[in-house]
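Asks: So here's coords24.cif (mmCIF, C-alpha atoms).
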data_target
#
loop_
_atom_site.group_PDB
_atom_site.id
_atom_site.type_symbol
_atom_site.label_atom_id
_atom_site.label_comp_id
_atom_site.auth_asym_id
_atom_site.auth_seq_id
_atom_site.Cartn_x
_atom_site.Cartn_y
_atom_site.Cartn_z
ATOM 1 C CA MET P 1 -9.026 -12.571 21.502
ATOM 2 C CA ILE P 2 -9.365 -14.447 18.203
ATOM 3 C CA GLU P 3 -11.657 -11.712 16.875
ATOM 4 C CA ILE P 4 -9.052 -9.075 17.729
ATOM 5 C CA ILE P 5 -6.296 -11.019 15.957
ATOM 6 C CA ILE P 6 -8.486 -11.478 12.871
ATOM 7 C CA SER P 7 -9.336 -7.776 12.845
ATOM 8 C CA ILE P 8 -5.642 -6.846 13.041
ATOM 9 C CA LEU P 9 -4.782 -9.285 10.245
ATOM 10 C CA GLU P 10 -7.577 -7.966 8.019
ATOM 11 C CA GLU P 11 -6.427 -4.345 8.365
ATOM 12 C CA GLY P 12 -2.788 -5.370 8.162
ATOM 13 C CA PHE P 13 -3.221 -7.348 4.930
ATOM 14 C CA VAL P 14 -5.102 -4.500 3.224
ATOM 15 C CA TYR P 15 -2.417 -1.968 4.096
ATOM 16 C CA ALA P 16 0.295 -4.503 3.293
ATOM 17 C CA ILE P 17 -0.733 -4.226 -0.376
ATOM 18 C CA LEU P 18 -0.319 -0.455 -0.096
ATOM 19 C CA ALA P 19 3.014 -0.973 1.696
ATOM 20 C CA LEU P 20 4.325 -3.150 -1.145
ATOM 21 C CA GLY P 21 3.749 -0.198 -3.464
ATOM 22 C CA VAL P 22 5.456 2.191 -1.040
ATOM 23 C CA TYR P 23 8.338 -0.294 -0.799
ATOM 24 C CA ILE P 24 8.939 0.171 -4.537
ATOM 25 C CA THR P 25 9.124 3.964 -4.313
ATOM 26 C CA TYR P 26 10.823 4.321 -0.919
ATOM 27 C CA LYS P 27 13.269 1.409 -0.824
ATOM 28 C CA ILE P 28 13.890 0.651 -4.485
ATOM 29 C CA LEU P 29 13.481 3.965 -6.354
ATOM 30 C CA ASP P 30 14.351 6.251 -3.408
ATOM 31 C CA PHE P 31 11.451 8.441 -4.559
ATOM 32 C CA PRO P 32 9.321 10.306 -1.932
ATOM 33 C CA ASP P 33 5.997 9.696 -3.665
ATOM 34 C CA LEU P 34 3.134 11.483 -1.910
ATOM 35 C CA SER P 35 0.679 10.717 -4.712
ATOM 36 C CA VAL P 36 -0.147 7.507 -2.791
ATOM 37 C CA ASP P 37 -2.429 9.630 -0.600
ATOM 38 C CA GLY P 38 -4.474 10.237 -3.744
ATOM 39 C CA THR P 39 -4.207 6.895 -5.542
ATOM 40 C CA PHE P 40 -5.366 4.889 -2.510
ATOM 41 C CA PRO P 41 -8.786 6.616 -2.377
ATOM 42 C CA LEU P 42 -8.844 6.737 -6.193
ATOM 43 C CA GLY P 43 -8.882 2.940 -6.271
ATOM 44 C CA GLY P 44 -11.660 2.942 -3.688
ATOM 45 C CA ALA P 45 -13.773 5.470 -5.578
ATOM 46 C CA VAL P 46 -13.397 3.600 -8.859
ATOM 47 C CA ALA P 47 -14.246 0.219 -7.289
ATOM 48 C CA VAL P 48 -17.322 1.549 -5.491
ATOM 49 C CA MET P 49 -18.766 3.314 -8.519
ATOM 50 C CA LEU P 50 -18.164 0.306 -10.779
ATOM 51 C CA ILE P 51 -19.878 -2.018 -8.300
ATOM 52 C CA LEU P 52 -22.849 0.348 -8.107
ATOM 53 C CA ALA P 53 -22.959 0.232 -11.913
ATOM 54 C CA GLY P 54 -23.226 -3.569 -11.797
ATOM 55 C CA VAL P 55 -19.633 -4.447 -12.645
ATOM 56 C CA ASN P 56 -18.176 -7.654 -11.185
ATOM 57 C CA PRO P 57 -16.279 -6.766 -7.966
ATOM 58 C CA ILE P 58 -13.177 -8.674 -9.094
ATOM 59 C CA ALA P 59 -13.141 -6.773 -12.386
ATOM 60 C CA ALA P 60 -13.570 -3.568 -10.378
ATOM 61 C CA LEU P 61 -10.308 -4.331 -8.570
ATOM 62 C CA PHE P 62 -8.450 -4.689 -11.863
ATOM 63 C CA VAL P 63 -9.707 -1.227 -12.843
ATOM 64 C CA SER P 64 -8.690 0.090 -9.413
ATOM 65 C CA PHE P 65 -5.160 -1.154 -10.050
ATOM 66 C CA LEU P 66 -5.166 0.352 -13.542
ATOM 67 C CA SER P 67 -6.446 3.731 -12.330
ATOM 68 C CA GLY P 68 -3.732 3.893 -9.672
ATOM 69 C CA ALA P 69 -1.114 2.873 -12.241
ATOM 70 C CA ILE P 70 -2.190 5.656 -14.609
ATOM 71 C CA ALA P 71 -1.992 8.215 -11.794
ATOM 72 C CA GLY P 72 1.474 6.942 -10.877
ATOM 73 C CA MET P 73 2.526 7.192 -14.513
ATOM 74 C CA ILE P 74 1.410 10.836 -14.527
ATOM 75 C CA THR P 75 3.532 11.489 -11.421
ATOM 76 C CA GLY P 76 6.495 9.962 -13.232
ATOM 77 C CA ILE P 77 5.890 11.976 -16.398
ATOM 78 C CA ILE P 78 5.680 15.232 -14.445
ATOM 79 C CA HIS P 79 8.967 14.416 -12.745
ATOM 80 C CA VAL P 80 10.862 12.993 -15.708
ATOM 81 C CA LYS P 81 9.556 14.941 -18.678
ATOM 82 C CA PHE P 82 8.801 18.302 -17.040
ATOM 83 C CA LYS P 83 11.800 18.179 -14.665
ATOM 84 C CA VAL P 84 9.693 18.814 -11.557
ATOM 85 C CA ARG P 85 11.246 17.658 -8.278
ATOM 86 C CA ASP P 86 10.116 14.224 -7.092
ATOM 87 C CA LEU P 87 8.421 15.480 -3.921
ATOM 88 C CA LEU P 88 6.535 18.233 -5.748
ATOM 89 C CA SER P 89 5.448 15.830 -8.501
ATOM 90 C CA GLY P 90 3.710 13.643 -5.934
ATOM 91 C CA ILE P 91 2.113 16.634 -4.217
ATOM 92 C CA ILE P 92 0.728 17.927 -7.516
ATOM 93 C CA VAL P 93 -0.875 14.580 -8.409
ATOM 94 C CA MET P 94 -2.129 14.011 -4.850
ATOM 95 C CA THR P 95 -3.797 17.441 -4.829
ATOM 96 C CA ALA P 96 -5.375 16.937 -8.245
ATOM 97 C CA LEU P 97 -6.657 13.479 -7.306
ATOM 98 C CA TYR P 98 -8.618 14.879 -4.353
ATOM 99 C CA SER P 99 -10.903 16.730 -6.767
ATOM 100 C CA ILE P 100 -10.892 13.848 -9.257
ATOM 101 C CA ASN P 101 -11.974 11.398 -6.560
ATOM 102 C CA LEU P 102 -14.824 13.720 -5.611
ATOM 103 C CA ARG P 103 -15.804 13.907 -9.284
ATOM 104 C CA ILE P 104 -15.831 10.122 -9.564
ATOM 105 C CA ALA P 105 -17.740 9.321 -6.388
ATOM 106 C CA GLY P 106 -19.482 12.624 -5.723
ATOM 107 C CA GLY P 107 -18.884 12.240 -1.984
ATOM 108 C CA ASN P 108 -19.270 9.426 0.541
ATOM 109 C CA VAL P 109 -20.849 6.357 -1.086
ATOM 110 C CA SER P 110 -22.166 3.111 0.437
ATOM 111 C CA ILE P 111 -22.225 -0.339 -1.189
ATOM 112 C CA PHE P 112 -23.614 -2.344 1.736
ATOM 113 C CA SER P 113 -26.444 -3.707 -0.410
ATOM 114 C CA LYS P 114 -24.119 -4.781 -3.258
ATOM 115 C CA GLN P 115 -22.061 -7.921 -3.780
ATOM 116 C CA THR P 116 -18.323 -7.634 -3.155
ATOM 117 C CA ILE P 117 -15.390 -10.041 -3.164
ATOM 118 C CA PHE P 118 -16.124 -10.612 0.525
ATOM 119 C CA GLU P 119 -19.904 -10.851 0.531
ATOM 120 C CA ASN P 120 -21.728 -12.503 -2.351
ATOM 121 C CA LYS P 121 -24.267 -15.216 -3.093
ATOM 122 C CA LEU P 122 -21.595 -17.832 -3.845
ATOM 123 C CA PHE P 123 -20.113 -17.554 -0.345
ATOM 124 C CA ASP P 124 -23.596 -17.543 1.178
ATOM 125 C CA ARG P 125 -24.229 -20.944 -0.427
ATOM 126 C CA LEU P 126 -20.837 -22.556 0.135
ATOM 127 C CA ILE P 127 -19.554 -21.152 3.432
ATOM 128 C CA PRO P 128 -21.194 -22.289 6.689
ATOM 129 C CA ASP P 129 -22.356 -19.540 9.042
ATOM 130 C CA THR P 130 -19.802 -20.684 11.618
ATOM 131 C CA LEU P 131 -16.965 -19.722 9.261
ATOM 132 C CA ASP P 132 -18.307 -16.296 8.260
ATOM 133 C CA GLY P 133 -15.836 -14.535 10.525
ATOM 134 C CA TYR P 134 -12.872 -16.047 8.672
ATOM 135 C CA ILE P 135 -13.924 -15.270 5.091
ATOM 136 C CA LYS P 136 -12.422 -11.780 4.844
ATOM 137 C CA VAL P 137 -9.069 -12.632 6.393
ATOM 138 C CA THR P 138 -8.750 -15.746 4.190
ATOM 139 C CA ILE P 139 -9.506 -13.833 0.987
ATOM 140 C CA LEU P 140 -7.134 -11.037 1.979
ATOM 141 C CA PHE P 141 -4.395 -13.567 2.766
ATOM 142 C CA VAL P 142 -4.766 -15.130 -0.692
ATOM 143 C CA ILE P 143 -4.673 -11.693 -2.367
ATOM 144 C CA ILE P 144 -1.601 -10.475 -0.477
ATOM 145 C CA ILE P 145 0.314 -13.692 -1.172
ATOM 146 C CA PHE P 146 -0.585 -13.462 -4.865
ATOM 147 C CA MET P 147 0.507 -9.802 -5.079
ATOM 148 C CA LYS P 148 3.721 -10.549 -3.178
ATOM 149 C CA LEU P 149 4.642 -13.396 -5.534
ATOM 150 C CA LEU P 150 3.737 -11.208 -8.505
ATOM 151 C CA LEU P 151 6.026 -8.413 -7.293
ATOM 152 C CA ASP P 152 8.844 -10.828 -6.410
ATOM 153 C CA GLY P 153 8.570 -12.342 -9.873
ATOM 154 C CA TYR P 154 8.688 -8.924 -11.536
ATOM 155 C CA LEU P 155 11.711 -7.795 -9.523
ATOM 156 C CA ASN P 156 13.585 -10.847 -10.836
ATOM 157 C CA THR P 157 12.959 -9.872 -14.457
ATOM 158 C CA LYS P 158 15.215 -7.663 -16.573
ATOM 159 C CA SER P 159 12.848 -4.726 -16.044
ATOM 160 C CA GLY P 160 12.877 -5.374 -12.290
ATOM 161 C CA TYR P 161 16.685 -5.368 -12.164
ATOM 162 C CA LEU P 162 16.724 -2.057 -14.037
ATOM 163 C CA LEU P 163 14.258 -0.684 -11.494
ATOM 164 C CA ARG P 164 16.618 -1.609 -8.674
ATOM 165 C CA ALA P 165 19.570 -0.172 -10.558
ATOM 166 C CA VAL P 166 17.853 3.215 -11.005
ATOM 167 C CA GLY P 167 17.442 3.506 -7.250
ATOM 168 C CA ASP P 168 21.053 2.463 -6.542
ATOM 169 C CA ASN P 169 22.931 4.052 -9.432
ATOM 170 C CA GLU P 170 21.193 5.982 -12.222
ATOM 171 C CA HIS P 171 24.436 6.305 -14.193
ATOM 172 C CA LEU P 172 24.701 2.521 -14.436
ATOM 173 C CA VAL P 173 21.326 2.380 -16.183
ATOM 174 C CA THR P 174 22.395 5.130 -18.576
ATOM 175 C CA SER P 175 25.626 3.299 -19.329
ATOM 176 C CA LEU P 176 23.535 0.275 -20.334
ATOM 177 C CA ALA P 177 21.821 2.483 -22.949
ATOM 178 C CA LYS P 178 18.530 2.335 -21.049
ATOM 179 C CA ASP P 179 16.209 5.265 -20.405
ATOM 180 C CA LYS P 180 16.340 5.810 -16.630
ATOM 181 C CA GLY P 181 13.358 8.162 -16.848
ATOM 182 C CA LEU P 182 11.186 5.477 -18.431
ATOM 183 C CA VAL P 183 12.249 3.000 -15.742
ATOM 184 C CA LYS P 184 11.187 5.496 -13.049
ATOM 185 C CA ILE P 185 7.817 6.006 -14.703
ATOM 186 C CA ILE P 186 7.247 2.246 -14.842
ATOM 187 C CA GLY P 187 8.207 1.884 -11.183
ATOM 188 C CA LEU P 188 5.892 4.694 -10.059
ATOM 189 C CA SER P 189 3.082 3.257 -12.152
ATOM 190 C CA ILE P 190 3.400 -0.201 -10.566
ATOM 191 C CA ALA P 191 3.720 1.258 -7.055
ATOM 192 C CA ASN P 192 0.585 3.362 -7.383
ATOM 193 C CA GLY P 193 -1.206 0.454 -9.016
ATOM 194 C CA PHE P 194 -0.682 -1.425 -5.755
ATOM 195 C CA ALA P 195 -2.002 1.590 -3.841
ATOM 196 C CA GLY P 196 -5.081 1.795 -6.060
ATOM 197 C CA LEU P 197 -5.728 -1.921 -5.629
ATOM 198 C CA ALA P 198 -5.420 -1.566 -1.847
ATOM 199 C CA GLY P 199 -7.937 1.270 -1.932
ATOM 200 C CA GLY P 200 -10.388 -0.792 -3.972
ATOM 201 C CA ILE P 201 -10.088 -3.717 -1.565
ATOM 202 C CA TYR P 202 -10.442 -1.438 1.451
ATOM 203 C CA SER P 203 -13.674 0.065 0.116
ATOM 204 C CA GLN P 204 -15.132 -3.373 -0.621
ATOM 205 C CA LYS P 205 -14.126 -4.611 2.836
ATOM 206 C CA SER P 206 -15.590 -1.616 4.657
ATOM 207 C CA GLY P 207 -18.657 -1.371 2.395
ATOM 208 C CA PHE P 208 -18.300 2.322 1.613
ATOM 209 C CA PHE P 209 -16.074 5.014 0.137
ATOM 210 C CA GLU P 210 -14.957 8.103 2.040
ATOM 211 C CA ILE P 211 -12.963 10.916 0.478
ATOM 212 C CA SER P 212 -10.788 11.135 3.605
ATOM 213 C CA THR P 213 -9.789 7.467 3.338
ATOM 214 C CA GLY P 214 -6.421 8.209 1.772
ATOM 215 C CA THR P 215 -5.316 10.824 4.294
ATOM 216 C CA GLY P 216 -2.071 9.587 5.823
ATOM 217 C CA ALA P 217 -1.859 6.517 3.576
ATOM 218 C CA ILE P 218 1.751 7.292 2.688
ATOM 219 C CA VAL P 219 2.679 7.473 6.379
ATOM 220 C CA ILE P 220 1.035 4.099 7.078
ATOM 221 C CA GLY P 221 2.826 2.592 4.094
ATOM 222 C CA LEU P 222 6.199 4.041 5.114
ATOM 223 C CA ALA P 223 5.735 2.944 8.718
ATOM 224 C CA SER P 224 4.963 -0.601 7.555
ATOM 225 C CA VAL P 225 8.014 -0.682 5.293
ATOM 226 C CA ILE P 226 10.372 0.715 7.924
ATOM 227 C CA ILE P 227 9.056 -1.542 10.694
ATOM 228 C CA GLY P 228 9.320 -4.650 8.543
ATOM 229 C CA THR P 229 12.706 -3.948 6.974
ATOM 230 C CA ASN P 230 14.248 -2.940 10.313
ATOM 231 C CA ILE P 231 12.866 -5.693 12.529
ATOM 232 C CA PHE P 232 13.515 -8.425 9.949
ATOM 233 C CA ARG P 233 16.639 -6.944 8.353
ATOM 234 C CA LYS P 234 18.676 -10.061 9.203
ATOM 235 C CA ALA P 235 15.943 -12.522 8.277
ATOM 236 C CA ARG P 236 16.479 -14.853 5.350
ATOM 237 C CA PHE P 237 13.123 -14.284 3.698
ATOM 238 C CA LYS P 238 12.488 -11.686 1.009
ATOM 239 C CA PRO P 239 12.017 -7.974 1.848
ATOM 240 C CA THR P 240 8.449 -8.107 0.518
ATOM 241 C CA THR P 241 7.600 -10.635 3.241
ATOM 242 C CA ALA P 242 9.125 -8.295 5.829
ATOM 243 C CA VAL P 243 6.974 -5.442 4.520
ATOM 244 C CA ILE P 244 3.806 -7.523 4.889
ATOM 245 C CA LEU P 245 4.754 -8.486 8.434
ATOM 246 C CA GLY P 246 5.572 -4.831 9.110
ATOM 247 C CA ALA P 247 2.038 -3.790 8.112
ATOM 248 C CA VAL P 248 0.525 -6.364 10.476
ATOM 249 C CA ILE P 249 2.837 -5.297 13.318
ATOM 250 C CA TYR P 250 1.966 -1.652 12.689
ATOM 251 C CA LYS P 251 -1.762 -2.388 12.946
ATOM 252 C CA ALA P 252 -1.131 -4.396 16.117
ATOM 253 C CA CYS P 253 0.716 -1.405 17.624
ATOM 254 C CA VAL P 254 -2.203 0.877 16.758
ATOM 255 C CA TRP P 255 -4.640 -1.548 18.398
ATOM 256 C CA ILE P 256 -2.483 -1.685 21.534
ATOM 257 C CA ALA P 257 -2.411 2.127 21.707
ATOM 258 C CA ILE P 258 -6.208 2.267 21.482
ATOM 259 C CA ALA P 259 -6.535 -0.536 24.039
ATOM 260 C CA LEU P 260 -4.376 1.486 26.444
ATOM 261 C CA GLY P 261 -6.904 4.306 26.411
ATOM 262 C CA MET P 262 -6.383 6.385 23.285
ATOM 263 C CA GLU P 263 -9.493 7.099 21.227
ATOM 264 C CA SER P 264 -10.075 6.228 17.584
ATOM 265 C CA ARG P 265 -10.049 9.934 16.718
ATOM 266 C CA ASP P 266 -6.401 9.930 17.839
ATOM 267 C CA MET P 267 -5.512 7.511 15.020
ATOM 268 C CA LYS P 268 -3.442 10.051 13.064
ATOM 269 C CA LEU P 269 -1.621 11.093 16.240
ATOM 270 C CA ILE P 270 -0.863 7.445 17.004
ATOM 271 C CA THR P 271 0.398 6.930 13.449
ATOM 272 C CA ALA P 272 2.600 10.048 13.519
ATOM 273 C CA THR P 273 4.045 9.175 16.940
ATOM 274 C CA LEU P 274 4.736 5.566 15.994
ATOM 275 C CA PHE P 275 6.322 6.664 12.714
ATOM 276 C CA LEU P 276 8.565 9.173 14.539
ATOM 277 C CA VAL P 277 9.697 6.546 17.047
ATOM 278 C CA ILE P 278 10.524 4.115 14.251
ATOM 279 C CA LEU P 279 12.555 6.731 12.359
ATOM 280 C CA VAL P 280 14.466 7.802 15.469
ATOM 281 C CA LEU P 281 15.302 4.207 16.404
ATOM 282 C CA SER P 282 16.374 3.306 12.860
ATOM 283 C CA ASN P 283 18.559 6.435 12.587
ATOM 284 C CA ASP P 284 20.121 5.690 15.981
ATOM 285 C CA ARG P 285 20.922 2.151 14.824
ATOM 286 C CA ARG P 286 22.610 3.481 11.674
ATOM 287 C CA ARG P 287 24.741 5.862 13.744
ATOM 288 C CA ARG P 288 25.875 3.016 16.009
ATOM 289 C CA VAL P 289 26.793 0.884 13.003
ATOM 290 C CA LYS P 290 28.855 3.711 11.481
ATOM 291 C CA THR P 291 30.575 4.348 14.830
ATOM 292 C CA ASN P 292 31.537 0.674 15.220
ATOM 293 C CA ALA P 293 32.689 0.357 11.615
#
Let me see the file written as structure tokens.
Replies:
Amino acid sequence: MIEIIISILEEGFVYAILALGVYITYKILDFPDLSVDGTFPLGGAVAVMLILAGVNPIAALFVSFLSGAIAGMITGIIHVKFKVRDLLSGIIVMTALYSINLRIAGGNVSIFSKQTIFENKLFDRLIPDTLDGYIKVTILFVIIIFMKLLLDGYLNTKSGYLLRAVGDNEHLVTSLAKDKGLVKIIGLSIANGFAGLAGGIYSQKSGFFEISTGTGAIVIGLASVIIGTNIFRKARFKPTTAVILGAVIYKACVWIAIALGMESRDMKLITATLFLVILVLSNDRRRRVKTNA
């Protein structure tokens, strides 16, 4: 049972980083950004190829974040500067990144023989064999807490308040003599940076890169955000904490579905079904609130 819980936490923490990025676009910017399906594997491809080239795995994650941020910035530029609709901007970048990711990695790539943030000589010397099973979940917990605090800190800055204002009322930002388009670009860049980082961590955790890794990433991220913000909507802690818990709960629901007899190849069906149920329930709750108001 402990192994199952650890496995759920590991997967949940990885996708929680992705979900924090989706939280920025979906909840704060109100921007349907599908480029996440491309930036998640982009981060993985970049991390894997850098590790194979001998780059420090921690440094590889910084580059993964940067690569995702650049892709997100391009999505924002297409939308803001070229006046392309938000949904189409994400689709364009997502489609382009599929070929770019193949160019970077050349296909499926393994790094099982290389050192990563989870498996390296330092841990081999310092960590007893009896604690090997807890290394990944501990490292992931530290990373997700760090990224959460980083995002919370940013959202409390002047730039962070402008980001929130753009999602709530674009005219307010314009009235403050601020460029709402630039704020959107910054928000999309940060969000996709989180997605790229999540992809880099996922590839290091799994020990390989697969071009299909990012398929459905946006749905997983949205499901995590909606689960967390709906279940814990009355909780006193920050929304970013709710998003992280939502990612863990989502992964637990997927595990339960598989345990009840569904096969791993049904993963996308499970995700789509769970996502639909969440949306229906949340919409039904909104209707009841409006009726009682």
Asks: One decimal, in Å: what's the spacing between CA of Asp30 in chain P and CA of Gly44 in chain P?
Replies: 26.2 Å
Asks: Carefully work through the PyMOL selection byres ((chain P and resi 101-114) around 6) for this structure and note down the residues it includes, as a list in words.
Replies: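 Answer for the PyMOL selection byres ((chain P and resi 101-114) around 6): Leu42, Ala45, Leu97, Tyr98, Ser99, Ile100, Gln115, Gly207, Phe208, Phe209 and Glu210 of chain P.
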Asks: Excluding Tyr26 in chain P and its own-chain neighbours fewer than 3 positions away, which residues fall within 10 Å of it when counting only C-alpha atoms? Please give them as an MDAnalysis selection string.
Replies: chainID P and resid 19:23 29:33 167 191 221:222 225:226
Asks: Quick check, in Å to one decimal: how far apart do CA of Gly246 in chain P and CA of Leu151 in chain P lie?
Replies: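 Distance between the two atoms: 16.8 Å.
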Asks: If I take CA of Gly214 in chain P and CA of Gly38 in chain P, how far is one from the other in Å, to one decimal?
Replies: 6.2 Å
Asks: Using the chain letters and numbering of this document, enumerate as a list in words the residues selected by the PyMOL selection byres ((chain P and resi 172-181) around 9).
Replies: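 With the shown file as input, the PyMOL selection byres ((chain P and resi 172-181) around 9) matches Gly76, Ile77, His79, Val80, Lys81, Leu162, Leu163, Ala165, Val166, Asp168, Asn169, Glu170, His171, Leu182, Val183, Lys184, Ile185 and Ile186 of chain P.
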Asks: Considering all atoms listed in the file, give me a table of residues in range 113-229 of chain P that are at most 10 Å from range 50-59 of chain P, with the closest atom pair and distance in Å for each, as a tab-separated table.
Replies:
residue	atom	partner	partner_atom	distance
P:Ser113	CA	P:Leu52	CA	9.4
P:Lys114	CA	P:Ile51	CA	7.1
P:Gln115	CA	P:Pro57	CA	7.2
P:Thr116	CA	P:Pro57	CA	5.3
P:Ile117	CA	P:Pro57	CA	5.9
P:Phe118	CA	P:Pro57	CA	9.3
P:Asn120	CA	P:Pro57	CA	9.7
P:Gly200	CA	P:Pro57	CA	9.3
P:Ile201	CA	P:Pro57	CA	9.4
P:Gln204	CA	P:Pro57	CA	8.2
Asks: Give me the residues near range 274-278 of chain P as a PyMOL selection string, where near means some atom within 8 Å (using all atoms listed in the file) and where sequence neighbours in that chain fewer than 4 positions away do not count.
Replies: chain P and resi 219+223+226-227+270+282
Asks: Tell me, counting only C-alpha atoms, for each residue of range 206-248 of chain P within 9 Å of range 147-150 of chain P, which pair of atoms is nearest and how far apart they are in Å to one decimal, in rows ordered by chain and increasing number, as a Markdown table.
Replies:
| residue | atom | partner | partner_atom | distance |
| --- | --- | --- | --- | --- |
| P:Thr240 | CA | P:Lys148 | CA | 6.5 |
| P:Thr241 | CA | P:Lys148 | CA | 7.5 |
| P:Ile244 | CA | P:Lys148 | CA | 8.6 |
Asks: Would you kindly translate the PyMOL selection byres ((chain P and resi 37) around 10) into the concrete residues it picks from this file, as a CSV table (one decimal) with C-alpha atoms, in the frame of the given file?
Replies:
chain,number,residue,atom,x,y,z
P,33,ASP,CA,6.0,9.7,-3.7
P,34,LEU,CA,3.1,11.5,-1.9
P,35,SER,CA,0.7,10.7,-4.7
P,36,VAL,CA,-0.1,7.5,-2.8
P,38,GLY,CA,-4.5,10.2,-3.7
P,39,THR,CA,-4.2,6.9,-5.5
P,40,PHE,CA,-5.4,4.9,-2.5
P,41,PRO,CA,-8.8,6.6,-2.4
P,42,LEU,CA,-8.8,6.7,-6.2
P,90,GLY,CA,3.7,13.6,-5.9
P,91,ILE,CA,2.1,16.6,-4.2
P,93,VAL,CA,-0.9,14.6,-8.4
P,94,MET,CA,-2.1,14.0,-4.8
P,95,THR,CA,-3.8,17.4,-4.8
P,97,LEU,CA,-6.7,13.5,-7.3
P,98,TYR,CA,-8.6,14.9,-4.4
P,192,ASN,CA,0.6,3.4,-7.4
P,195,ALA,CA,-2.0,1.6,-3.8
P,196,GLY,CA,-5.1,1.8,-6.1
P,212,SER,CA,-10.8,11.1,3.6
P,213,THR,CA,-9.8,7.5,3.3
P,214,GLY,CA,-6.4,8.2,1.8
P,215,THR,CA,-5.3,10.8,4.3
P,216,GLY,CA,-2.1,9.6,5.8
P,217,ALA,CA,-1.9,6.5,3.6
P,218,ILE,CA,1.8,7.3,2.7
P,219,VAL,CA,2.7,7.5,6.4
P,221,GLY,CA,2.8,2.6,4.1
Asks: Please enclose the listed atoms of range 153-165 of chain P in an axis-aligned box, pad each side by 8 Å, and write out the centre and the three edge lengths in Å, rounded to one decimal, as JSON.
Replies:
{"center_x": 14.1, "center_y": -6.3, "center_z": -12.6, "size_x": 27.0, "size_y": 28.2, "size_z": 23.9}
Asks: Let me make sure I understand: among P:Ser7, P:Thr273, P:Ser189, P:Ser264, which one has the smallest atom-to-atom distance to Gly133 in chain P if we use only C-alpha atoms?
Replies: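 Closest to Gly133 in chain P of all the choices is P:Ser7.
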Asks: Under the rule that all atoms listed in the file are counted, which of P:Gly68, P:Gly199, P:Gly153, P:Gly187 is the nearest residue to Ile17 in chain P?
Replies: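 Under the stated criterion, the closest residue is P:Gly199.
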Asks: Using only C-alpha atoms, which residue out of P:Ala235, P:Met49, P:Ala16, P:Ile78 lies closest to Leu188 in chain P?
Replies: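 Selected residue with least distance to Leu188 in chain P: P:Ile78.
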Asks: Regenerate range 267-279 of chain P at the level of N, CA and C atoms and dump it as a JSON list (two decimals), keeping the file's coordinate frame.
Replies:
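Just written: part.json:
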[["chain", "number", "residue", "atom", "x", "y", "z"],
["P", 267, "MET", "N", -6.20, 8.44, 15.91],
["P", 267, "MET", "CA", -5.51, 7.51, 15.02],
["P", 267, "MET", "C", -4.33, 8.17, 14.31],
["P", 268, "LYS", "N", -4.52, 9.37, 13.78],
["P", 268, "LYS", "CA", -3.44, 10.05, 13.06],
["P", 268, "LYS", "C", -2.31, 10.42, 14.01],
["P", 269, "LEU", "N", -2.65, 10.79, 15.24],
["P", 269, "LEU", "CA", -1.62, 11.09, 16.24],
["P", 269, "LEU", "C", -0.83, 9.84, 16.58],
["P", 270, "ILE", "N", -1.53, 8.72, 16.73],
["P", 270, "ILE", "CA", -0.86, 7.44, 17.00],
["P", 270, "ILE", "C", 0.09, 7.09, 15.86],
["P", 271, "THR", "N", -0.41, 7.25, 14.63],
["P", 271, "THR", "CA", 0.40, 6.93, 13.45],
["P", 271, "THR", "C", 1.65, 7.80, 13.38],
["P", 272, "ALA", "N", 1.47, 9.12, 13.59],
["P", 272, "ALA", "CA", 2.60, 10.05, 13.52],
["P", 272, "ALA", "C", 3.63, 9.74, 14.61],
["P", 273, "THR", "N", 3.15, 9.47, 15.82],
["P", 273, "THR", "CA", 4.04, 9.18, 16.94],
["P", 273, "THR", "C", 4.82, 7.88, 16.69],
["P", 274, "LEU", "N", 4.10, 6.85, 16.27],
["P", 274, "LEU", "CA", 4.74, 5.57, 15.99],
["P", 274, "LEU", "C", 5.77, 5.71, 14.89],
["P", 275, "PHE", "N", 5.42, 6.45, 13.85],
["P", 275, "PHE", "CA", 6.32, 6.66, 12.71],
["P", 275, "PHE", "C", 7.58, 7.39, 13.17],
["P", 276, "LEU", "N", 7.42, 8.42, 14.03],
["P", 276, "LEU", "CA", 8.56, 9.17, 14.54],
["P", 276, "LEU", "C", 9.48, 8.28, 15.36],
["P", 277, "VAL", "N", 8.90, 7.45, 16.22],
["P", 277, "VAL", "CA", 9.70, 6.55, 17.05],
["P", 277, "VAL", "C", 10.50, 5.59, 16.18],
["P", 278, "ILE", "N", 9.85, 5.06, 15.15],
["P", 278, "ILE", "CA", 10.52, 4.12, 14.25],
["P", 278, "ILE", "C", 11.70, 4.78, 13.55],
["P", 279, "LEU", "N", 11.49, 6.01, 13.06],
["P", 279, "LEU", "CA", 12.56, 6.73, 12.36],
["P", 279, "LEU", "C", 13.73, 7.04, 13.29]]
